[in-house]
file coords.csv (CSV, C-alpha atoms)
chain,number,residue,atom,x,y,z
F,1,MET,CA,0.0,0.0,0.0
F,2,PRO,CA,1.5,3.4,-0.9
F,3,LEU,CA,2.2,6.0,1.7
F,4,VAL,CA,-0.3,8.8,1.7
F,5,PHE,CA,2.1,11.4,3.1
F,6,ASP,CA,5.4,12.6,1.7
F,7,ALA,CA,8.1,12.1,4.3
F,8,ARG,CA,11.0,13.3,2.0
F,9,PRO,CA,13.1,16.0,3.5
F,10,VAL,CA,12.3,19.7,2.9
F,11,TYR,CA,14.4,22.5,4.2
F,12,PRO,CA,13.7,26.1,5.2
F,13,TRP,CA,15.9,27.5,2.4
F,14,ALA,CA,16.5,27.0,-1.3
F,15,ILE,CA,19.1,24.3,-2.1
F,16,PRO,CA,21.9,26.1,-4.0
F,17,LEU,CA,23.9,23.2,-5.5
F,18,ARG,CA,23.6,20.1,-7.6
F,19,ALA,CA,26.2,17.4,-7.2
F,20,HIS,CA,27.1,13.7,-7.3
F,21,ILE,CA,27.8,11.7,-4.2
F,22,ARG,CA,29.4,8.3,-3.5
F,23,VAL,CA,31.0,8.1,-7.0
F,24,GLU,CA,33.7,6.1,-5.3
F,25,PRO,CA,33.7,4.4,-1.8
F,26,GLU,CA,36.5,6.7,-0.8
F,27,ASP,CA,34.2,9.7,-1.3
F,28,PHE,CA,32.3,8.7,1.8
F,29,ARG,CA,34.5,8.1,4.9
F,30,VAL,CA,33.1,7.4,8.4
F,31,ASP,CA,35.1,6.8,11.6
F,32,GLU,CA,33.2,5.8,14.7
F,33,ILE,CA,33.8,7.8,17.9
F,34,PRO,CA,33.5,5.1,20.6
F,35,ALA,CA,31.8,5.7,23.9
F,36,THR,CA,34.0,3.1,25.5
F,37,THR,CA,37.4,1.7,24.8
F,38,PRO,CA,38.2,-2.0,25.7
F,39,GLU,CA,39.8,-2.6,29.0
F,40,GLY,CA,42.2,-5.4,27.9
F,41,ALA,CA,40.5,-8.3,29.8
F,42,GLY,CA,37.2,-10.1,29.6
F,43,GLU,CA,35.2,-12.6,27.7
F,44,HIS,CA,34.5,-10.4,24.7
F,45,VAL,CA,37.0,-9.6,22.0
F,46,TRP,CA,36.6,-6.1,20.7
F,47,LEU,CA,37.9,-5.5,17.1
F,48,GLU,CA,38.4,-2.2,15.4
F,49,ILE,CA,37.7,-2.8,11.7
F,50,ARG,CA,38.1,-0.7,8.6
F,51,LYS,CA,35.8,-2.0,5.9
F,52,THR,CA,35.1,-1.1,2.2
F,53,GLY,CA,32.3,-2.8,0.3
F,54,HIS,CA,30.7,-4.4,3.3
F,55,ASN,CA,27.9,-3.4,5.6
F,56,SER,CA,28.0,-3.9,9.3
F,57,ASP,CA,25.7,-7.0,9.2
F,58,THR,CA,27.9,-8.8,6.7
F,59,VAL,CA,31.0,-8.1,8.8
F,60,ALA,CA,29.2,-9.4,11.9
F,61,GLU,CA,28.2,-12.5,10.1
F,62,TRP,CA,31.8,-13.1,9.0
F,63,LEU,CA,33.0,-12.6,12.5
F,64,ALA,CA,30.5,-15.2,13.8
F,65,ARG,CA,31.5,-17.7,11.2
F,66,THR,CA,35.2,-17.2,11.8
F,67,ALA,CA,34.8,-17.5,15.6
F,68,ALA,CA,32.3,-20.4,15.3
F,69,VAL,CA,29.8,-18.6,17.5
F,70,PRO,CA,26.1,-17.7,17.1
F,71,ARG,CA,25.4,-14.4,15.4
F,72,PRO,CA,23.9,-12.9,18.6
F,73,ALA,CA,27.4,-13.3,20.2
F,74,VAL,CA,28.6,-10.5,17.9
F,75,GLY,CA,27.8,-6.9,18.7
F,76,TYR,CA,28.3,-3.5,17.2
F,77,ALA,CA,27.2,0.0,18.1
F,78,GLY,CA,25.8,1.3,14.8
F,79,ARG,CA,25.2,0.2,11.2
F,80,LYS,CA,27.6,1.6,8.7
F,81,ASP,CA,26.9,1.7,4.9
F,82,ARG,CA,28.5,-0.7,2.4
F,83,HIS,CA,29.2,2.1,-0.2
F,84,ALA,CA,31.8,3.8,1.9
F,85,VAL,CA,35.1,3.4,3.8
F,86,THR,CA,34.2,3.0,7.4
F,87,THR,CA,35.9,2.3,10.7
F,88,GLN,CA,34.0,0.9,13.6
F,89,TRP,CA,34.2,-1.5,16.6
F,90,PHE,CA,32.7,-5.0,16.8
F,91,SER,CA,32.6,-7.4,19.8
F,92,VAL,CA,32.7,-11.2,19.8
F,93,GLN,CA,31.9,-13.2,22.9
F,94,LEU,CA,34.7,-15.8,23.4
F,95,PRO,CA,34.6,-16.9,27.0
F,96,GLY,CA,37.7,-19.0,27.9
F,97,ARG,CA,38.6,-19.4,24.2
F,98,VAL,CA,41.6,-18.4,22.2
F,99,GLU,CA,40.5,-16.1,19.4
F,100,PRO,CA,41.2,-17.0,15.8
F,101,ASP,CA,43.7,-15.2,13.5
F,102,TRP,CA,41.3,-12.5,12.4
F,103,SER,CA,43.6,-10.9,9.9
F,104,ALA,CA,44.5,-14.2,8.2
F,105,ALA,CA,40.8,-15.0,7.7
F,106,ALA,CA,39.7,-11.5,6.7
F,107,PRO,CA,38.2,-11.2,3.2
F,108,ALA,CA,39.1,-8.4,0.8
F,109,GLY,CA,37.8,-5.1,2.0
F,110,ILE,CA,38.1,-5.9,5.7
F,111,GLU,CA,41.1,-4.8,7.7
F,112,ILE,CA,41.6,-5.5,11.4
F,113,LEU,CA,43.1,-2.4,13.1
F,114,ALA,CA,43.0,-3.5,16.7
F,115,ALA,CA,41.8,-6.4,18.9
F,116,ARG,CA,41.5,-6.2,22.7
F,117,ARG,CA,39.4,-7.9,25.3
F,118,HIS,CA,36.6,-6.3,27.3
F,119,SER,CA,34.2,-7.4,29.9
F,120,ARG,CA,31.0,-6.5,28.1
F,121,LYS,CA,29.3,-6.9,24.7
F,122,LEU,CA,29.2,-3.8,22.4
F,123,LYS,CA,25.5,-2.9,22.2
F,124,THR,CA,23.5,-0.9,19.6
F,125,GLY,CA,23.7,2.8,20.3
F,126,HIS,CA,26.7,2.7,22.5
F,127,LEU,CA,28.8,5.2,20.7
F,128,ALA,CA,29.6,8.9,21.1
F,129,GLY,CA,29.1,9.7,17.4
F,130,ASN,CA,30.8,9.6,14.0
F,131,ARG,CA,33.4,11.6,12.1
F,132,PHE,CA,32.5,12.1,8.4
F,133,ARG,CA,34.5,13.2,5.3
F,134,ILE,CA,32.3,13.5,2.3
F,135,ARG,CA,33.4,14.4,-1.2
F,136,LEU,CA,30.8,15.9,-3.6
F,137,ARG,CA,31.7,15.7,-7.3
F,138,GLU,CA,30.6,17.6,-10.4
F,139,VAL,CA,29.3,20.4,-8.2
F,140,ARG,CA,27.3,23.1,-10.0
F,141,GLY,CA,25.5,26.1,-8.6
F,142,ASP,CA,25.9,29.0,-6.2
F,143,ARG,CA,29.1,28.4,-4.2
F,144,ALA,CA,28.7,31.5,-2.1
F,145,ALA,CA,25.2,30.6,-1.1
F,146,ALA,CA,26.3,27.1,-0.2
F,147,GLU,CA,29.1,28.4,2.1
F,148,ALA,CA,26.7,30.9,3.7
F,149,LEU,CA,24.3,28.0,4.5
F,150,LEU,CA,27.1,25.9,6.0
F,151,GLU,CA,28.1,28.9,8.2
F,152,GLN,CA,24.4,29.2,9.2
F,153,MET,CA,24.2,25.5,10.1
F,154,ARG,CA,27.1,26.1,12.6
F,155,VAL,CA,24.9,28.6,14.4
F,156,ARG,CA,21.4,27.4,13.8
F,157,GLY,CA,21.7,23.7,13.1
F,158,LEU,CA,19.5,22.0,10.5
F,159,PRO,CA,16.5,19.7,10.4
F,160,ASP,CA,17.4,16.2,11.7
F,161,TYR,CA,15.7,14.0,9.2
F,162,PHE,CA,16.3,10.3,9.1
F,163,GLY,CA,18.5,9.5,6.0
F,164,GLU,CA,17.7,7.2,3.1
F,165,GLN,CA,19.9,4.5,4.8
F,166,ARG,CA,17.2,4.0,7.4
F,167,PHE,CA,14.7,3.0,4.7
F,168,GLY,CA,16.9,0.7,2.7
F,169,HIS,CA,15.7,-0.5,-0.6
F,170,ALA,CA,12.2,-1.6,0.5
F,171,ASN,CA,12.1,-1.7,4.3
F,172,LEU,CA,9.0,0.5,4.5
F,173,GLU,CA,7.1,-1.5,1.9
F,174,ARG,CA,8.0,-4.7,3.7
F,175,ALA,CA,6.9,-3.2,7.0
F,176,LEU,CA,3.5,-2.4,5.5
F,177,ALA,CA,3.3,-6.0,4.1
F,178,TRP,CA,4.1,-7.4,7.6
F,179,PHE,CA,1.7,-5.1,9.4
F,180,ALA,CA,-1.1,-6.1,6.9
F,181,GLY,CA,-0.4,-9.8,7.6
F,182,ARG,CA,0.9,-10.6,4.1
F,183,SER,CA,4.5,-11.5,5.2
F,184,ARG,CA,6.7,-11.8,8.3
F,185,PRO,CA,10.3,-10.8,9.0
F,186,ARG,CA,12.6,-13.7,8.7
F,187,SER,CA,15.0,-12.7,11.5
F,188,ARG,CA,15.2,-10.4,14.5
F,189,ASN,CA,17.4,-8.1,12.4
F,190,GLN,CA,14.8,-7.8,9.7
F,191,ARG,CA,12.1,-7.1,12.3
F,192,SER,CA,14.3,-4.3,13.7
F,193,LEU,CA,14.9,-2.8,10.2
F,194,TYR,CA,11.2,-2.7,9.4
F,195,LEU,CA,10.1,-1.2,12.7
F,196,SER,CA,12.9,1.4,12.4
F,197,ALA,CA,11.8,2.4,8.9
F,198,ALA,CA,8.2,2.7,10.0
F,199,ARG,CA,9.1,5.0,12.9
F,200,ALA,CA,11.5,7.0,10.7
F,201,ALA,CA,8.7,7.7,8.1
F,202,ILE,CA,6.3,9.1,10.7
F,203,PHE,CA,9.1,11.1,12.3
F,204,ASN,CA,10.2,12.6,9.0
F,205,ALA,CA,6.6,13.5,8.1
F,206,VAL,CA,6.2,15.3,11.5
F,207,LEU,CA,9.5,17.2,11.0
F,208,ARG,CA,8.5,18.1,7.4
F,209,ARG,CA,5.3,19.7,8.8
F,210,ARG,CA,7.3,21.6,11.5
F,211,VAL,CA,9.7,22.9,8.8
F,212,GLU,CA,6.8,24.0,6.6
F,213,ALA,CA,5.3,25.8,9.6
F,214,GLY,CA,8.6,27.4,10.6
F,215,SER,CA,8.7,25.7,14.0
F,216,TRP,CA,11.4,23.1,13.6
F,217,ASP,CA,14.1,25.1,15.4
F,218,HIS,CA,12.1,26.6,18.3
F,219,LEU,CA,10.0,25.4,21.1
F,220,LEU,CA,6.2,25.5,21.2
F,221,PRO,CA,4.0,25.1,24.3
F,222,GLY,CA,3.3,21.4,24.6
F,223,ASP,CA,6.6,20.3,23.2
F,224,LEU,CA,9.0,17.7,24.7
F,225,ALA,CA,12.5,19.2,24.6
F,226,ASN,CA,15.8,17.5,24.4
F,227,LEU,CA,18.9,18.6,26.3
F,228,ASP,CA,21.7,18.9,23.6
F,229,GLY,CA,24.1,16.0,23.6
F,230,SER,CA,22.1,13.8,26.0
F,231,GLY,CA,19.1,11.6,26.1
F,232,SER,CA,17.4,13.9,28.6
F,233,ILE,CA,13.8,14.9,27.7
F,234,PHE,CA,11.6,17.3,29.5
F,235,ALA,CA,8.1,18.8,29.1
F,236,VAL,CA,7.6,22.4,27.9
F,237,PRO,CA,4.1,23.5,29.2
F,238,ALA,CA,5.0,27.1,28.4
F,239,VAL,CA,7.9,28.8,26.6
F,240,ASP,CA,9.6,31.6,28.6
F,241,SER,CA,12.5,33.9,27.6
F,242,ALA,CA,15.0,31.6,29.3
F,243,LEU,CA,13.9,28.6,27.2
F,244,ARG,CA,13.8,30.7,24.1
F,245,GLU,CA,17.4,31.7,24.7
F,246,ARG,CA,18.6,28.2,25.4
F,247,CYS,CA,16.9,27.0,22.3
F,248,SER,CA,18.5,29.8,20.2
F,249,LEU,CA,21.9,28.7,21.6
F,250,LEU,CA,21.2,25.1,20.6
F,251,ASP,CA,21.4,24.0,24.3
F,252,VAL,CA,17.9,22.4,24.0
F,253,HIS,CA,15.9,21.2,20.9
F,254,PRO,CA,12.3,20.4,20.1
F,255,THR,CA,11.7,16.7,19.5
F,256,GLY,CA,9.5,14.6,17.3
F,257,PRO,CA,7.9,11.2,17.9
F,258,LEU,CA,9.4,7.7,17.4
F,259,TRP,CA,5.9,6.2,17.3
F,260,GLY,CA,4.7,3.5,19.6
F,261,ARG,CA,2.0,2.6,22.1
F,262,GLY,CA,0.1,5.1,24.2
F,263,ASP,CA,0.2,8.9,24.2
F,264,PRO,CA,3.2,10.6,22.6
F,265,GLY,CA,3.6,12.8,25.7
F,266,THR,CA,3.2,16.1,24.0
F,267,THR,CA,0.2,18.3,24.6
F,268,GLY,CA,-2.0,20.9,22.9
F,269,ALA,CA,-1.3,21.8,19.3
F,270,VAL,CA,2.0,19.9,19.2
F,271,ARG,CA,0.2,16.6,20.2
F,272,ALA,CA,-2.6,17.3,17.7
F,273,LEU,CA,-0.1,17.7,14.9
F,274,GLU,CA,1.7,14.5,15.7
F,275,VAL,CA,-1.4,12.5,16.1
F,276,ALA,CA,-2.8,13.9,12.8
F,277,VAL,CA,0.4,13.0,10.9
F,278,ALA,CA,0.4,9.5,12.4
F,279,GLU,CA,-3.3,9.0,11.3
F,280,THR,CA,-2.4,9.9,7.7
F,281,GLN,CA,-0.6,6.6,7.7
F,282,ALA,CA,-2.5,4.5,10.2
F,283,GLU,CA,-1.1,1.2,8.9
F,284,LEU,CA,2.4,2.2,10.1
F,285,ALA,CA,1.2,3.7,13.4
F,286,ARG,CA,-1.1,0.7,14.3
F,287,GLY,CA,1.6,-1.8,13.2
F,288,LEU,CA,4.1,-0.2,15.5
F,289,GLU,CA,1.6,-0.2,18.4
F,290,ARG,CA,0.8,-3.9,17.8
F,291,ALA,CA,4.5,-4.6,17.8
F,292,GLU,CA,4.5,-3.2,21.3
F,293,MET,CA,7.0,-0.4,20.5
F,294,SER,CA,7.1,2.3,23.2
F,295,HIS,CA,6.9,5.9,22.4
F,296,ALA,CA,10.4,7.6,22.2
F,297,ARG,CA,11.6,11.0,21.1
F,298,ARG,CA,14.3,12.3,18.7
F,299,PRO,CA,15.5,15.9,18.3
F,300,LEU,CA,14.0,17.8,15.3
F,301,ARG,CA,17.3,19.6,14.9
F,302,MET,CA,20.9,18.5,14.7
F,303,ARG,CA,24.1,20.6,15.2
F,304,PRO,CA,27.1,19.5,13.2
F,305,ARG,CA,30.3,19.8,15.2
F,306,ARG,CA,33.6,20.7,13.8
F,307,LEU,CA,31.9,21.4,10.4
F,308,GLU,CA,34.5,22.4,7.9
F,309,TRP,CA,34.7,22.4,4.1
F,310,ARG,CA,37.1,23.0,1.3
F,311,TRP,CA,37.0,23.1,-2.5
F,312,GLU,CA,39.4,20.6,-4.0
F,313,SER,CA,38.7,22.1,-7.3
F,314,ASP,CA,35.9,24.3,-8.9
F,315,HIS,CA,33.6,21.2,-9.0
F,316,ILE,CA,34.7,19.1,-6.0
F,317,LEU,CA,33.6,20.0,-2.5
F,318,GLU,CA,34.8,18.2,0.6
F,319,LEU,CA,32.8,18.3,3.9
F,320,ASP,CA,34.2,17.3,7.3
F,321,MET,CA,32.1,17.0,10.4
F,322,GLU,CA,31.3,15.2,13.6
F,323,LEU,CA,27.8,14.1,14.3
F,324,GLY,CA,26.0,12.4,17.2
F,325,ALA,CA,24.8,8.9,17.1
F,326,GLY,CA,21.9,8.5,14.7
F,327,GLU,CA,22.6,11.7,12.8
F,328,TYR,CA,23.1,11.5,9.1
F,329,ALA,CA,25.9,13.3,7.2
F,330,THR,CA,23.8,12.9,4.0
F,331,GLY,CA,21.4,15.2,5.7
F,332,VAL,CA,24.0,17.9,5.9
F,333,ALA,CA,25.1,17.4,2.3
F,334,GLY,CA,21.4,17.2,1.2
F,335,ALA,CA,20.7,20.6,2.9
F,336,ILE,CA,23.1,22.3,0.4
F,337,ALA,CA,23.0,20.1,-2.7
F,338,VAL,CA,20.5,18.1,-4.7
F,339,PHE,CA,22.5,15.0,-5.4
F,340,SER,CA,22.3,11.7,-7.2
F,341,ASP,CA,23.7,8.5,-5.9
F,342,ASP,CA,26.2,7.0,-8.4
F,343,ARG,CA,26.8,3.7,-6.7

call {"tool": "encode", "arguments": {"input": "coords.csv", "output": "structure tokens"}}
result
Amino acid sequence: MPLVFDARPVYPWAIPLRAHIRVEPEDFRVDEIPATTPEGAGEHVWLEIRKTGHNSDTVAEWLARTAAVPRPAVGYAGRKDRHAVTTQWFSVQLPGRVEPDWSAAAPAGIEILAARRHSRKLKTGHLAGNRFRIRLREVRGDRAAAEALLEQMRVRGLPDYFGEQRFGHANLERALAWFAGRSRPRSRNQRSLYLSAARAAIFNAVLRRRVEAGSWDHLLPGDLANLDGSGSIFAVPAVDSALRERCSLLDVHPTGPLWGRGDPGTTGAVRALEVAVAETQAELARGLERAEMSHARRPLRMRPRRLEWRWESDHILELDMELGAGEYATGVAGAIAVFSDDR
């Protein structure tokens, strides 16, 4: 069943550039910023891996096969794309066992940078963020306007849409088929992907409505606010001058819903907007509720850290930035350029 709302990103400014992205894997580099470093002892082996041409799940499956352990014994903090050069940590549970020669067994495109023991498994979301270096090629358009927008993002931030990676090739369609009883996920990983895509679609649609209304970067009465750089969420029954200033300084952000059971927690006009958007795609919302997902929140705005750029030539632009866990560098690039994916 087709979606009846458009959850594609829109921005509160005109996009000044056109460009190509991911022409080569080296054009998209990601280095994970770990929240924890391994202690050197314990039943889990943590491996820092640089990969090209592999996604995180295929690496995790290779690690499980190489170590002769079940796939759930392998952990990682965040999924990294296949069409990129990425560095991230994985953990493999090997209690009382000698680990295999990882480097000798590694297929092409997988490089073992470090291996150390730790007492705990690496769990999803346990990372401080990611460093990105993105090269845009065949850039055309207003360079001065693009640089002005990048400067503005340093001060104002930008809408924090879920990127296309969250939706995969057909995760949303498969979620709808599952919710309608026409199919079922074949694994826990597929179930997670479909649920995440459904939540992301509703979130993006709410954010799009807030962008169109001009309220994506300031608090409204009834909002739930997020304290920057943390998971802390608090209610905003009224917006006073102190809150307005904190929001303008990017210390706090308005949030949108990751849909689930029960009340989203917002009130007034904010709640009415979120419920109305969810009802425009009731199949997704009801499916998430039947799957017993609990309501959660995500900031409507992100603030790139250490955002820098340079022109390698008249038509090649390189962007460098640090983003928090779950934030998408393609969102920053897409806020200044309409781009095609030349994978």

call {"tool": "closest_residue", "arguments": {"input": "coords.csv", "among": "F:Ala269, F:Leu158, F:Ala77, F:Ala114", "to": "F:Asp57", "atoms": "all atoms listed in the file"}}
result
F:Ala77

call {"tool": "closest_residue", "arguments": {"input": "coords.csv", "among": "F:Ala60, F:Val45, F:Ala285, F:Leu176", "to": "F:Gly262", "atoms": "only C-alpha atoms"}}
result
F:Ala285

call {"tool": "closest_atom_pairs", "arguments": {"input": "coords.csv", "of": "stretch 92-139 of chain F", "to": "stretch 5-28 of chain F", "cutoff": "9 Å", "atoms": "all atoms listed in the file", "output": "CSV"}}
result
residue,atom,partner,partner_atom,distance
F:Phe132,CA,F:Phe28,CA,7.4
F:Arg133,CA,F:Phe28,CA,6.1
F:Ile134,CA,F:Phe28,CA,4.8
F:Arg135,CA,F:Asp27,CA,4.8
F:Leu136,CA,F:Ile21,CA,5.2
F:Arg137,CA,F:His20,CA,5.0
F:Glu138,CA,F:Ala19,CA,5.4
F:Val139,CA,F:Ala19,CA,4.4

call {"tool": "atom_distance", "arguments": {"input": "coords.csv", "atom1": "atom CA of F:Trp89", "atom2": "atom CA of F:Glu48"}}
result
4.4 Å

call {"tool": "closest_residue", "arguments": {"input": "coords.csv", "among": "F:Leu319, F:Val275, F:Ala325, F:Leu63", "to": "F:Ile112", "atoms": "only C-alpha atoms"}}
result
F:Leu63

call {"tool": "residues_around", "arguments": {"input": "coords.csv", "residues": "F:Gly256", "least_positions_apart": "3", "cutoff": "8 Å", "atoms": "only C-alpha atoms", "output": "list in words"}}
result
Phe203, Val206, Leu207, Glu274, Arg297, Arg298, Pro299 and Leu300 of chain F

call {"tool": "closest_residue", "arguments": {"input": "coords.csv", "among": "F:Gly268, F:Gly260, F:Gly163, F:Gly157", "to": "F:Asp217", "atoms": "all atoms listed in the file"}}
result
F:Gly157

call {"tool": "atom_distance", "arguments": {"input": "coords.csv", "atom1": "atom CA of F:Tyr76", "atom2": "atom CA of F:Leu122"}}
result
5.3 Å

call {"tool": "closest_residue", "arguments": {"input": "coords.csv", "among": "F:Ala235, F:Val338, F:Ala67, F:Leu219", "to": "F:Ser248", "atoms": "only C-alpha atoms"}}
result
F:Leu219

call {"tool": "closest_residue", "arguments": {"input": "coords.csv", "among": "F:Ser313, F:Gln152, F:Ser215, F:Asn55", "to": "F:Arg82", "atoms": "only C-alpha atoms"}}
result
F:Asn55

call {"tool": "residues_near_point", "arguments": {"input": "coords.csv", "point": "(30.5, 12.5, 17.5)", "cutoff": "6 Å", "atoms": "all atoms listed in the file", "output": "number ranges by chain"}}
result
F: 33, 128-130, 322-324

call {"tool": "residues_around", "arguments": {"input": "coords.csv", "residues": "F:Leu284", "least_positions_apart": "4", "cutoff": "10 Å", "atoms": "all atoms listed in the file", "output": "CSV table (one decimal) with C-alpha atoms, keeping the file's coordinate frame"}}
result
chain,number,residue,atom,x,y,z
F,3,LEU,CA,2.2,6.0,1.7
F,172,LEU,CA,9.0,0.5,4.5
F,175,ALA,CA,6.9,-3.2,7.0
F,176,LEU,CA,3.5,-2.4,5.5
F,179,PHE,CA,1.7,-5.1,9.4
F,180,ALA,CA,-1.1,-6.1,6.9
F,195,LEU,CA,10.1,-1.2,12.7
F,197,ALA,CA,11.8,2.4,8.9
F,198,ALA,CA,8.2,2.7,10.0
F,199,ARG,CA,9.1,5.0,12.9
F,201,ALA,CA,8.7,7.7,8.1
F,202,ILE,CA,6.3,9.1,10.7
F,259,TRP,CA,5.9,6.2,17.3
F,260,GLY,CA,4.7,3.5,19.6
F,278,ALA,CA,0.4,9.5,12.4
F,279,GLU,CA,-3.3,9.0,11.3
F,280,THR,CA,-2.4,9.9,7.7
F,288,LEU,CA,4.1,-0.2,15.5
F,289,GLU,CA,1.6,-0.2,18.4
F,290,ARG,CA,0.8,-3.9,17.8

call {"tool": "atom_distance", "arguments": {"input": "coords.csv", "atom1": "atom CA of F:Ser241", "atom2": "atom CA of F:Arg303"}}
result
21.6 Å

call {"tool": "residues_around", "arguments": {"input": "coords.csv", "residues": "F:His44", "least_positions_apart": "5", "cutoff": "8 Å", "atoms": "all atoms listed in the file", "output": "list in words"}}
result
Ser91, Val92, Gln93, Leu94, Pro95, Arg117, His118, Ser119, Arg120 and Lys121 of chain F

call {"tool": "residues_around", "arguments": {"input": "coords.csv", "residues": "F:Arg50", "least_positions_apart": "5", "cutoff": "10 Å", "atoms": "all atoms listed in the file", "output": "PyMOL selection string"}}
result
chain F and resi 30-31+85-89+109-114

call {"tool": "decode", "arguments": {"input": "coords.csv", "residues": "stretch 164-185 of chain F", "atoms": "N, CA and C atoms", "output": "PDB file, in the first residue's frame"}}
result
ATOM      1  N   GLU F 164      18.188   8.276   3.951  1.00  0.00           N
ATOM      2  CA  GLU F 164      17.689   7.175   3.129  1.00  0.00           C
ATOM      3  C   GLU F 164      18.201   5.822   3.597  1.00  0.00           C
ATOM      4  N   GLN F 165      19.359   5.812   4.299  1.00  0.00           N
ATOM      5  CA  GLN F 165      19.889   4.532   4.782  1.00  0.00           C
ATOM      6  C   GLN F 165      18.908   3.835   5.714  1.00  0.00           C
ATOM      7  N   ARG F 166      18.116   4.619   6.455  1.00  0.00           N
ATOM      8  CA  ARG F 166      17.174   4.032   7.406  1.00  0.00           C
ATOM      9  C   ARG F 166      16.069   3.249   6.688  1.00  0.00           C
ATOM     10  N   PHE F 167      15.784   3.631   5.448  1.00  0.00           N
ATOM     11  CA  PHE F 167      14.678   3.003   4.724  1.00  0.00           C
ATOM     12  C   PHE F 167      15.130   1.846   3.837  1.00  0.00           C
ATOM     13  N   GLY F 168      16.452   1.753   3.553  1.00  0.00           N
ATOM     14  CA  GLY F 168      16.931   0.662   2.720  1.00  0.00           C
ATOM     15  C   GLY F 168      16.283   0.690   1.351  1.00  0.00           C
ATOM     16  N   HIS F 169      16.282  -0.461   0.694  1.00  0.00           N
ATOM     17  CA  HIS F 169      15.688  -0.537  -0.641  1.00  0.00           C
ATOM     18  C   HIS F 169      14.171  -0.678  -0.588  1.00  0.00           C
ATOM     19  N   ALA F 170      13.642  -1.385   0.410  1.00  0.00           N
ATOM     20  CA  ALA F 170      12.188  -1.587   0.460  1.00  0.00           C
ATOM     21  C   ALA F 170      11.719  -1.870   1.883  1.00  0.00           C
ATOM     22  N   ASN F 171      12.445  -1.370   2.900  1.00  0.00           N
ATOM     23  CA  ASN F 171      12.083  -1.701   4.272  1.00  0.00           C
ATOM     24  C   ASN F 171      10.703  -1.191   4.655  1.00  0.00           C
ATOM     25  N   LEU F 172      10.344  -0.021   4.139  1.00  0.00           N
ATOM     26  CA  LEU F 172       9.041   0.539   4.488  1.00  0.00           C
ATOM     27  C   LEU F 172       7.916  -0.286   3.860  1.00  0.00           C
ATOM     28  N   GLU F 173       8.092  -0.662   2.604  1.00  0.00           N
ATOM     29  CA  GLU F 173       7.086  -1.480   1.932  1.00  0.00           C
ATOM     30  C   GLU F 173       6.952  -2.842   2.622  1.00  0.00           C
ATOM     31  N   ARG F 174       8.093  -3.403   3.052  1.00  0.00           N
ATOM     32  CA  ARG F 174       8.043  -4.698   3.744  1.00  0.00           C
ATOM     33  C   ARG F 174       7.403  -4.568   5.118  1.00  0.00           C
ATOM     34  N   ALA F 175       7.623  -3.414   5.762  1.00  0.00           N
ATOM     35  CA  ALA F 175       6.941  -3.182   7.040  1.00  0.00           C
ATOM     36  C   ALA F 175       5.433  -3.153   6.840  1.00  0.00           C
ATOM     37  N   LEU F 176       4.976  -2.478   5.795  1.00  0.00           N
ATOM     38  CA  LEU F 176       3.540  -2.418   5.516  1.00  0.00           C
ATOM     39  C   LEU F 176       2.982  -3.807   5.214  1.00  0.00           C
ATOM     40  N   ALA F 177       3.734  -4.604   4.448  1.00  0.00           N
ATOM     41  CA  ALA F 177       3.270  -5.957   4.148  1.00  0.00           C
ATOM     42  C   ALA F 177       3.168  -6.792   5.424  1.00  0.00           C
ATOM     43  N   TRP F 178       4.145  -6.654   6.309  1.00  0.00           N
ATOM     44  CA  TRP F 178       4.132  -7.369   7.588  1.00  0.00           C
ATOM     45  C   TRP F 178       2.943  -6.930   8.425  1.00  0.00           C
ATOM     46  N   PHE F 179       2.750  -5.611   8.565  1.00  0.00           N
ATOM     47  CA  PHE F 179       1.661  -5.100   9.390  1.00  0.00           C
ATOM     48  C   PHE F 179       0.299  -5.525   8.845  1.00  0.00           C
ATOM     49  N   ALA F 180       0.215  -5.705   7.510  1.00  0.00           N
ATOM     50  CA  ALA F 180      -1.053  -6.124   6.901  1.00  0.00           C
ATOM     51  C   ALA F 180      -1.241  -7.634   6.923  1.00  0.00           C
ATOM     52  N   GLY F 181      -0.250  -8.374   7.460  1.00  0.00           N
ATOM     53  CA  GLY F 181      -0.368  -9.821   7.558  1.00  0.00           C
ATOM     54  C   GLY F 181      -0.013 -10.572   6.295  1.00  0.00           C
ATOM     55  N   ARG F 182       0.608  -9.898   5.313  1.00  0.00           N
ATOM     56  CA  ARG F 182       0.949 -10.559   4.052  1.00  0.00           C
ATOM     57  C   ARG F 182       2.314 -11.241   4.093  1.00  0.00           C
ATOM     58  N   SER F 183       3.132 -10.928   5.089  1.00  0.00           N
ATOM     59  CA  SER F 183       4.453 -11.543   5.216  1.00  0.00           C
ATOM     60  C   SER F 183       4.922 -11.366   6.649  1.00  0.00           C
ATOM     61  N   ARG F 184       6.082 -11.949   6.949  1.00  0.00           N
ATOM     62  CA  ARG F 184       6.673 -11.802   8.273  1.00  0.00           C
ATOM     63  C   ARG F 184       8.174 -11.618   8.123  1.00  0.00           C
ATOM     64  N   PRO F 185       8.808 -10.881   9.053  1.00  0.00           N
ATOM     65  CA  PRO F 185      10.271 -10.790   9.038  1.00  0.00           C
ATOM     66  C   PRO F 185      10.881 -12.170   9.245  1.00  0.00           C
TER      67      PRO F 185
END
